[in-house]
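J.: Got a structure here, written out as structure tokens. Questions coming.
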Amino acid sequence: MTEQMQKFKAIVETSDTIAIRIGETNDISKILAGTLLHQAFLKLNKRVSIDTQDAETASAFFETPLKSFGKEENILIKFDTEKLPVSELRYEKDGKFMKIILKSGNGDGDRAPDLSEIVLEKEALPVDLLMLIDTPETEIENALKENPHKEVVKLGTKDKALSLKVEEIFNAFFEETPQDVKEALWFFIKYEKRMDWDIGGGLREEKILRAKEALFGPSFWRLLGRALARSHFEKEIQTLWAFLPKSDFSAAGGPAFGGENVDAQKNKNSVLKILNELRALRPESRLFALLWEDAPKSISAVIASRDSTMLKNLAVSMSSVPASSYFIANGFSAFSEAEIKIRGLIRRVL
């Protein structure tokens, strides 16, 4: 066990409350990482909260839905003692009510205390440990402010895939991976690395199939087919291009695709899943650029690479920040405009 892992294990063992934050993301890797850590800490008898909104993906491998402990807060009564001087503070029970008594200390019995000076507010209690799952640098400061904490650990992808880091954490805390999370952990590793599935241990095939259906579904595979049909490899810049007009989302079918009530968030989720499939199918590509149409004259692009330095330079040139091994760029009015601009920037960083 590395020294870094030993320090992390010591922090977890002395923590009672743990908050896992993945942020507003459609990234399956982050969702699975947060979910698996949530399950691990529960097995260690910790009180754990997680902020994922994608309950379907997060719960795909588990029999019961994710549960988070409620936010703990203090109720504060605040006032300016110069404007409202107090000589005595006490409290007493009055039946089912609790009375907090502030005795005025200004010696002026003719002037009633100004109650407008009293402020009633809530204060969140800090958790013992805050875990940030691959949080972009631009979001870290806000995440720390919004989640009071005593200790913080940032789990990133700079030197190793999230799935492998989560596996290391399980190995540090458990002699053997708990059976009820084994499928999820190995699916996660396979999803990120496309490794062989033969791992032993009697995996329940029907559970894996249910999880895959929850993660993808038939509409996704139809959309992937359309992305492949609209893809090409540009040898000069070693880039795989793929395009998804709005009509492809509608044609793919399903509640998340097209129609009058387009769910843009779920469409974005599907785009990130398609990106991962393209990366697995065309590993010879150095860069991947998947462009899709959110609405008429509104084109977005997700750009990915295994070269973190090149990706960061490319993201900066497009006023963005990488999240894991990709970043998203918005604000294009047409596919041609987006492709020309992205191609020019890629040539600069190659």
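Ordering of the structure tokens sets the chain letters (A, B, ...); residue numbers start at 1 within each chain; ligands are numbered from 1 in the order shown.
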Could you pull the residues within 12 Å of Ser231 (chain A), counting only C-alpha atoms, minus those fewer than 5 positions along the same chain, as a ChimeraX atom specification?
T.: /A:224-226,239-244,274-275,278,281-282,288-291
J.: Would you pick out the contacts of His149 (chain A) at 12 Å or less, using only C-alpha atoms, so that residues sharing its chain but fewer than 5 positions from it are not included, and give the list as a list in words?
T.: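 Listed by chain and then number, they are Ser15, Asp16, Thr17, Ile18, Ala19, Ile20, Glu72, Ala124, Leu125, Pro126, Val127, Asp128, Leu129, Leu130, Met131, Leu132, Ala143 and Leu144 of chain A.
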J.: Ranking A:Ser87, A:Glu82, A:Phe173, A:Glu168 by minimum distance to Lys9 (chain A) and counting only C-alpha atoms, which one comes first?
T.: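 Counting only C-alpha atoms, the residue closest to Lys9 (chain A) is A:Phe173.
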J.: Mind the document's chain letters and residue numbers, and return as a short mmCIF file (atom, residue, chain, number, x, y, z; two decimals) with all heavy atoms, in the first residue's frame the residues of region 32-174 of chain A that DSSP labels strand (DSSP E or B).
T.:
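See selection-v4.cif below for the written result:
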data_model
loop_
_atom_site.label_atom_id
_atom_site.label_comp_id
_atom_site.auth_asym_id
_atom_site.auth_seq_id
_atom_site.Cartn_x
_atom_site.Cartn_y
_atom_site.Cartn_z
N ARG A 47 -21.49 7.33 7.68
CA ARG A 47 -22.67 8.05 7.20
C ARG A 47 -22.26 8.80 5.94
O ARG A 47 -21.41 9.68 5.98
CB ARG A 47 -23.19 9.01 8.27
CG ARG A 47 -23.57 8.29 9.57
CD ARG A 47 -23.86 9.26 10.69
NE ARG A 47 -25.02 10.08 10.36
CZ ARG A 47 -25.20 11.31 10.83
NH1 ARG A 47 -24.28 11.88 11.59
NH2 ARG A 47 -26.28 11.98 10.51
N VAL A 48 -22.87 8.45 4.82
CA VAL A 48 -22.39 8.91 3.51
C VAL A 48 -23.50 9.63 2.75
O VAL A 48 -24.66 9.21 2.77
CB VAL A 48 -21.91 7.72 2.64
CG1 VAL A 48 -21.11 8.24 1.44
CG2 VAL A 48 -21.07 6.76 3.46
N SER A 49 -23.14 10.70 2.07
CA SER A 49 -24.07 11.38 1.16
C SER A 49 -23.42 11.48 -0.21
O SER A 49 -22.19 11.56 -0.33
CB SER A 49 -24.43 12.78 1.66
OG SER A 49 -23.33 13.67 1.55
N ILE A 50 -24.24 11.44 -1.26
CA ILE A 50 -23.75 11.57 -2.64
C ILE A 50 -24.72 12.46 -3.40
O ILE A 50 -25.93 12.42 -3.15
CB ILE A 50 -23.62 10.18 -3.32
CG1 ILE A 50 -22.96 10.30 -4.69
CG2 ILE A 50 -24.94 9.45 -3.37
CD1 ILE A 50 -22.59 8.96 -5.31
N GLU A 73 -27.52 20.74 10.29
CA GLU A 73 -27.42 22.20 10.38
C GLU A 73 -27.62 22.67 11.81
O GLU A 73 -28.36 22.06 12.59
CB GLU A 73 -28.46 22.87 9.47
CG GLU A 73 -28.28 22.55 8.00
CD GLU A 73 -29.41 23.11 7.15
OE1 GLU A 73 -30.58 23.05 7.61
OE2 GLU A 73 -29.13 23.61 6.06
N ASN A 74 -26.96 23.76 12.14
CA ASN A 74 -27.24 24.50 13.37
C ASN A 74 -28.19 25.63 13.05
O ASN A 74 -28.17 26.19 11.95
CB ASN A 74 -25.95 25.09 13.95
CG ASN A 74 -25.08 24.04 14.62
OD1 ASN A 74 -25.59 23.04 15.13
ND2 ASN A 74 -23.77 24.26 14.62
N ILE A 75 -29.02 25.99 14.02
CA ILE A 75 -29.86 27.19 13.90
C ILE A 75 -29.17 28.30 14.69
O ILE A 75 -28.89 28.15 15.88
CB ILE A 75 -31.28 26.94 14.44
CG1 ILE A 75 -31.96 25.84 13.62
CG2 ILE A 75 -32.11 28.22 14.41
CD1 ILE A 75 -33.31 25.43 14.16
N LEU A 76 -28.88 29.40 14.03
CA LEU A 76 -28.16 30.51 14.65
C LEU A 76 -29.09 31.69 14.92
O LEU A 76 -29.93 32.04 14.09
CB LEU A 76 -27.02 30.97 13.74
CG LEU A 76 -25.98 29.92 13.34
CD1 LEU A 76 -24.91 30.57 12.47
CD2 LEU A 76 -25.36 29.27 14.54
N ILE A 77 -28.93 32.29 16.08
CA ILE A 77 -29.61 33.54 16.41
C ILE A 77 -28.50 34.59 16.56
O ILE A 77 -27.66 34.50 17.46
CB ILE A 77 -30.42 33.41 17.71
CG1 ILE A 77 -31.49 32.33 17.55
CG2 ILE A 77 -31.07 34.74 18.07
CD1 ILE A 77 -32.23 32.02 18.83
N LYS A 78 -28.49 35.56 15.68
CA LYS A 78 -27.40 36.53 15.65
C LYS A 78 -27.94 37.95 15.81
O LYS A 78 -29.02 38.26 15.31
CB LYS A 78 -26.63 36.41 14.32
CG LYS A 78 -25.98 35.05 14.11
CD LYS A 78 -25.50 34.87 12.70
CE LYS A 78 -24.46 35.86 12.30
NZ LYS A 78 -23.91 35.58 10.93
N VAL A 86 -27.02 43.16 25.38
CA VAL A 86 -27.66 42.13 26.19
C VAL A 86 -26.81 41.89 27.43
O VAL A 86 -25.60 41.69 27.33
CB VAL A 86 -27.83 40.82 25.39
CG1 VAL A 86 -28.31 39.69 26.30
CG2 VAL A 86 -28.81 41.02 24.25
N SER A 87 -27.46 41.90 28.60
CA SER A 87 -26.74 41.67 29.85
C SER A 87 -26.88 40.24 30.34
O SER A 87 -26.12 39.79 31.19
CB SER A 87 -27.26 42.63 30.94
OG SER A 87 -28.65 42.40 31.16
N GLU A 88 -27.87 39.52 29.81
CA GLU A 88 -28.09 38.15 30.26
C GLU A 88 -28.78 37.34 29.17
O GLU A 88 -29.63 37.86 28.44
CB GLU A 88 -28.97 38.14 31.52
CG GLU A 88 -29.22 36.76 32.10
CD GLU A 88 -30.14 36.81 33.31
OE1 GLU A 88 -30.39 37.93 33.83
OE2 GLU A 88 -30.64 35.74 33.71
N LEU A 89 -28.38 36.08 29.02
CA LEU A 89 -29.01 35.17 28.07
C LEU A 89 -29.32 33.87 28.81
O LEU A 89 -28.46 33.30 29.49
CB LEU A 89 -28.09 34.89 26.88
CG LEU A 89 -28.64 34.03 25.73
CD1 LEU A 89 -27.92 34.37 24.43
CD2 LEU A 89 -28.48 32.53 26.00
N ARG A 90 -30.57 33.41 28.71
CA ARG A 90 -30.93 32.14 29.33
C ARG A 90 -32.06 31.50 28.51
O ARG A 90 -32.64 32.14 27.63
CB ARG A 90 -31.35 32.33 30.77
CG ARG A 90 -32.66 33.05 30.98
CD ARG A 90 -32.97 33.19 32.47
NE ARG A 90 -34.32 33.64 32.71
CZ ARG A 90 -34.71 34.92 32.73
NH1 ARG A 90 -33.79 35.87 32.53
NH2 ARG A 90 -35.97 35.25 32.97
N TYR A 91 -32.34 30.25 28.80
CA TYR A 91 -33.46 29.59 28.13
C TYR A 91 -34.23 28.77 29.14
O TYR A 91 -33.72 28.41 30.20
CB TYR A 91 -32.96 28.71 26.98
CG TYR A 91 -32.13 27.52 27.41
CD1 TYR A 91 -32.73 26.29 27.69
CD2 TYR A 91 -30.75 27.63 27.54
CE1 TYR A 91 -31.98 25.20 28.09
CE2 TYR A 91 -29.99 26.54 27.95
CZ TYR A 91 -30.61 25.32 28.21
OH TYR A 91 -29.87 24.25 28.61
N GLU A 92 -35.49 28.53 28.82
CA GLU A 92 -36.34 27.74 29.71
C GLU A 92 -37.43 27.07 28.89
O GLU A 92 -37.79 27.52 27.81
CB GLU A 92 -36.94 28.61 30.81
CG GLU A 92 -37.85 29.73 30.29
CD GLU A 92 -38.36 30.63 31.41
OE1 GLU A 92 -37.58 30.97 32.33
OE2 GLU A 92 -39.55 31.01 31.35
N LYS A 93 -37.97 25.98 29.43
CA LYS A 93 -39.04 25.24 28.78
C LYS A 93 -40.38 25.85 29.16
O LYS A 93 -40.62 26.22 30.29
CB LYS A 93 -39.01 23.77 29.22
CG LYS A 93 -37.83 22.98 28.67
CD LYS A 93 -38.08 22.46 27.27
CE LYS A 93 -39.10 21.36 27.27
NZ LYS A 93 -39.28 20.77 25.92
N ASP A 94 -41.24 25.98 28.15
CA ASP A 94 -42.61 26.46 28.36
C ASP A 94 -43.54 25.47 27.67
O ASP A 94 -43.92 25.66 26.51
CB ASP A 94 -42.77 27.88 27.80
CG ASP A 94 -44.16 28.45 28.07
OD1 ASP A 94 -44.94 27.80 28.79
OD2 ASP A 94 -44.46 29.55 27.54
N PHE A 97 -42.68 24.24 24.12
CA PHE A 97 -41.86 25.28 23.51
C PHE A 97 -40.59 25.53 24.32
O PHE A 97 -40.56 25.35 25.54
CB PHE A 97 -42.64 26.60 23.40
CG PHE A 97 -43.78 26.56 22.43
CD1 PHE A 97 -45.08 26.31 22.87
CD2 PHE A 97 -43.56 26.76 21.08
CE1 PHE A 97 -46.13 26.25 21.98
CE2 PHE A 97 -44.60 26.72 20.17
CZ PHE A 97 -45.89 26.45 20.63
N MET A 98 -39.55 25.94 23.62
CA MET A 98 -38.31 26.36 24.24
C MET A 98 -38.18 27.87 24.08
O MET A 98 -38.25 28.39 22.96
CB MET A 98 -37.11 25.67 23.59
CG MET A 98 -35.76 26.12 24.12
SD MET A 98 -35.46 25.59 25.81
CE MET A 98 -35.20 23.83 25.56
N LYS A 99 -38.02 28.58 25.19
CA LYS A 99 -37.88 30.04 25.14
C LYS A 99 -36.43 30.43 25.36
O LYS A 99 -35.79 29.96 26.30
CB LYS A 99 -38.76 30.70 26.20
CG LYS A 99 -40.25 30.50 25.99
CD LYS A 99 -41.07 31.49 26.81
CE LYS A 99 -40.78 31.39 28.29
NZ LYS A 99 -41.70 32.27 29.08
N ILE A 100 -35.91 31.26 24.47
CA ILE A 100 -34.57 31.84 24.62
C ILE A 100 -34.76 33.28 25.06
O ILE A 100 -35.40 34.08 24.36
CB ILE A 100 -33.78 31.77 23.30
CG1 ILE A 100 -33.63 30.30 22.88
CG2 ILE A 100 -32.42 32.42 23.45
CD1 ILE A 100 -33.01 30.13 21.52
N ILE A 101 -34.25 33.62 26.22
CA ILE A 101 -34.52 34.93 26.83
C ILE A 101 -33.28 35.78 26.78
O ILE A 101 -32.21 35.40 27.28
CB ILE A 101 -34.99 34.74 28.29
CG1 ILE A 101 -36.25 33.83 28.32
CG2 ILE A 101 -35.29 36.08 28.94
CD1 ILE A 101 -36.58 33.31 29.69
N LEU A 102 -33.39 36.93 26.15
CA LEU A 102 -32.31 37.91 26.08
C LEU A 102 -32.71 39.11 26.93
O LEU A 102 -33.72 39.77 26.67
CB LEU A 102 -32.08 38.36 24.63
CG LEU A 102 -31.82 37.27 23.59
CD1 LEU A 102 -31.72 37.89 22.20
CD2 LEU A 102 -30.56 36.51 23.92
N LYS A 103 -31.95 39.37 27.96
CA LYS A 103 -32.25 40.51 28.84
C LYS A 103 -31.51 41.73 28.35
O LYS A 103 -30.29 41.71 28.16
CB LYS A 103 -31.85 40.20 30.28
CG LYS A 103 -32.23 41.31 31.26
CD LYS A 103 -31.90 40.90 32.68
CE LYS A 103 -32.27 42.01 33.66
NZ LYS A 103 -31.95 41.63 35.06
N SER A 104 -32.28 42.80 28.07
CA SER A 104 -31.67 44.02 27.55
C SER A 104 -30.69 44.57 28.55
O SER A 104 -30.93 44.62 29.76
CB SER A 104 -32.77 45.05 27.25
OG SER A 104 -32.19 46.26 26.82
N VAL A 119 -31.23 38.28 13.80
CA VAL A 119 -31.19 37.51 12.55
C VAL A 119 -31.24 36.03 12.89
O VAL A 119 -30.48 35.55 13.74
CB VAL A 119 -29.90 37.82 11.76
CG1 VAL A 119 -29.84 36.96 10.49
CG2 VAL A 119 -29.83 39.30 11.42
N LEU A 120 -32.14 35.31 12.21
CA LEU A 120 -32.28 33.86 12.40
C LEU A 120 -31.83 33.19 11.11
O LEU A 120 -32.35 33.47 10.04
CB LEU A 120 -33.74 33.50 12.71
CG LEU A 120 -34.03 32.05 13.08
CD1 LEU A 120 -33.37 31.69 14.40
CD2 LEU A 120 -35.53 31.80 13.14
N GLU A 121 -30.83 32.31 11.19
CA GLU A 121 -30.33 31.63 10.00
C GLU A 121 -29.80 30.24 10.34
O GLU A 121 -29.70 29.87 11.51
CB GLU A 121 -29.23 32.46 9.32
CG GLU A 121 -28.02 32.71 10.18
CD GLU A 121 -27.00 33.61 9.52
OE1 GLU A 121 -27.39 34.50 8.75
OE2 GLU A 121 -25.79 33.39 9.78
N LYS A 122 -29.49 29.48 9.27
CA LYS A 122 -28.98 28.14 9.44
C LYS A 122 -27.50 28.09 9.07
O LYS A 122 -27.04 28.84 8.22
CB LYS A 122 -29.75 27.15 8.57
CG LYS A 122 -31.20 26.97 8.97
CD LYS A 122 -31.90 25.96 8.06
CE LYS A 122 -33.34 25.75 8.47
NZ LYS A 122 -34.03 24.76 7.59
N GLU A 123 -26.79 27.17 9.70
CA GLU A 123 -25.37 26.97 9.43
C GLU A 123 -25.12 25.47 9.26
O GLU A 123 -25.40 24.68 10.16
CB GLU A 123 -24.53 27.51 10.59
CG GLU A 123 -23.05 27.23 10.47
CD GLU A 123 -22.30 27.62 11.73
OE1 GLU A 123 -22.58 27.02 12.79
OE2 GLU A 123 -21.45 28.51 11.65
N ALA A 124 -24.64 25.10 8.08
CA ALA A 124 -24.37 23.68 7.80
C ALA A 124 -23.17 23.20 8.61
O ALA A 124 -22.14 23.88 8.67
CB ALA A 124 -24.12 23.47 6.32
N VAL A 127 -18.80 18.13 7.23
CA VAL A 127 -18.60 16.68 7.25
C VAL A 127 -17.14 16.42 7.60
O VAL A 127 -16.28 17.28 7.42
CB VAL A 127 -18.96 16.03 5.90
CG1 VAL A 127 -20.44 16.17 5.61
CG2 VAL A 127 -18.12 16.64 4.76
N ASP A 128 -16.88 15.22 8.08
CA ASP A 128 -15.50 14.88 8.42
C ASP A 128 -14.62 14.79 7.18
O ASP A 128 -13.45 15.18 7.20
CB ASP A 128 -15.46 13.55 9.18
CG ASP A 128 -16.17 13.64 10.52
OD1 ASP A 128 -16.08 14.69 11.17
OD2 ASP A 128 -16.83 12.65 10.90
N LEU A 129 -15.20 14.27 6.07
CA LEU A 129 -14.42 14.09 4.85
C LEU A 129 -15.26 14.44 3.63
O LEU A 129 -16.38 13.95 3.48
CB LEU A 129 -13.94 12.64 4.72
CG LEU A 129 -13.28 12.23 3.40
CD1 LEU A 129 -12.03 13.07 3.13
CD2 LEU A 129 -12.94 10.74 3.39
N LEU A 130 -14.74 15.29 2.79
CA LEU A 130 -15.35 15.64 1.51
C LEU A 130 -14.51 15.02 0.40
O LEU A 130 -13.30 15.25 0.33
CB LEU A 130 -15.41 17.16 1.33
CG LEU A 130 -15.82 17.68 -0.05
CD1 LEU A 130 -17.26 17.30 -0.38
CD2 LEU A 130 -15.64 19.21 -0.13
N MET A 131 -15.16 14.24 -0.48
CA MET A 131 -14.46 13.64 -1.61
C MET A 131 -14.97 14.25 -2.91
O MET A 131 -16.17 14.18 -3.21
CB MET A 131 -14.65 12.12 -1.64
CG MET A 131 -13.91 11.40 -0.54
SD MET A 131 -13.60 9.66 -0.94
CE MET A 131 -12.46 9.79 -2.32
N LEU A 132 -14.07 14.87 -3.66
CA LEU A 132 -14.40 15.47 -4.95
C LEU A 132 -13.94 14.52 -6.06
O LEU A 132 -12.76 14.19 -6.14
CB LEU A 132 -13.71 16.83 -5.11
CG LEU A 132 -14.05 17.88 -4.05
CD1 LEU A 132 -13.28 19.17 -4.32
CD2 LEU A 132 -15.55 18.16 -4.00
N ILE A 133 -14.89 14.07 -6.88
CA ILE A 133 -14.58 13.10 -7.92
C ILE A 133 -14.26 13.80 -9.23
O ILE A 133 -15.15 14.32 -9.91
CB ILE A 133 -15.75 12.11 -8.13
CG1 ILE A 133 -16.17 11.49 -6.79
CG2 ILE A 133 -15.35 11.03 -9.14
CD1 ILE A 133 -15.12 10.67 -6.11
N HIS A 149 -16.42 21.22 5.38
CA HIS A 149 -15.71 19.96 5.62
C HIS A 149 -14.51 20.18 6.53
O HIS A 149 -14.05 21.31 6.70
CB HIS A 149 -15.22 19.39 4.28
CG HIS A 149 -14.34 20.35 3.54
ND1 HIS A 149 -14.84 21.39 2.78
CD2 HIS A 149 -12.98 20.47 3.49
CE1 HIS A 149 -13.84 22.09 2.28
NE2 HIS A 149 -12.70 21.55 2.70
N LYS A 150 -14.04 19.08 7.10
CA LYS A 150 -12.82 19.12 7.90
C LYS A 150 -11.61 18.65 7.09
O LYS A 150 -10.53 19.21 7.20
CB LYS A 150 -12.99 18.24 9.14
CG LYS A 150 -14.09 18.72 10.09
CD LYS A 150 -14.30 17.78 11.25
CE LYS A 150 -15.45 18.22 12.15
NZ LYS A 150 -15.69 17.27 13.26
N GLU A 151 -11.83 17.60 6.29
CA GLU A 151 -10.77 17.08 5.41
C GLU A 151 -11.33 16.99 4.00
O GLU A 151 -12.53 16.79 3.80
CB GLU A 151 -10.31 15.69 5.86
CG GLU A 151 -9.71 15.63 7.25
CD GLU A 151 -8.24 16.06 7.26
OE1 GLU A 151 -7.69 16.32 6.18
OE2 GLU A 151 -7.66 16.10 8.36
N VAL A 152 -10.45 17.12 3.01
CA VAL A 152 -10.88 16.99 1.61
C VAL A 152 -9.90 16.11 0.86
O VAL A 152 -8.68 16.19 1.07
CB VAL A 152 -11.00 18.37 0.92
CG1 VAL A 152 -9.66 19.10 0.90
CG2 VAL A 152 -11.54 18.23 -0.50
N VAL A 153 -10.44 15.23 0.01
CA VAL A 153 -9.62 14.38 -0.86
C VAL A 153 -10.15 14.54 -2.27
O VAL A 153 -11.36 14.43 -2.51
CB VAL A 153 -9.70 12.89 -0.43
CG1 VAL A 153 -9.01 12.02 -1.48
CG2 VAL A 153 -9.04 12.70 0.92
N LYS A 154 -9.25 14.82 -3.22
CA LYS A 154 -9.63 14.99 -4.62
C LYS A 154 -9.19 13.76 -5.40
O LYS A 154 -8.01 13.45 -5.46
CB LYS A 154 -8.98 16.25 -5.19
CG LYS A 154 -9.31 17.52 -4.42
CD LYS A 154 -8.42 18.68 -4.81
CE LYS A 154 -8.64 19.87 -3.90
NZ LYS A 154 -7.68 20.97 -4.18
N LEU A 155 -10.17 13.06 -5.96
CA LEU A 155 -9.88 11.86 -6.75
C LEU A 155 -9.92 12.24 -8.22
O LEU A 155 -10.98 12.50 -8.78
CB LEU A 155 -10.92 10.77 -6.44
CG LEU A 155 -10.55 9.34 -6.82
CD1 LEU A 155 -9.42 8.85 -5.94
CD2 LEU A 155 -11.76 8.42 -6.67
#
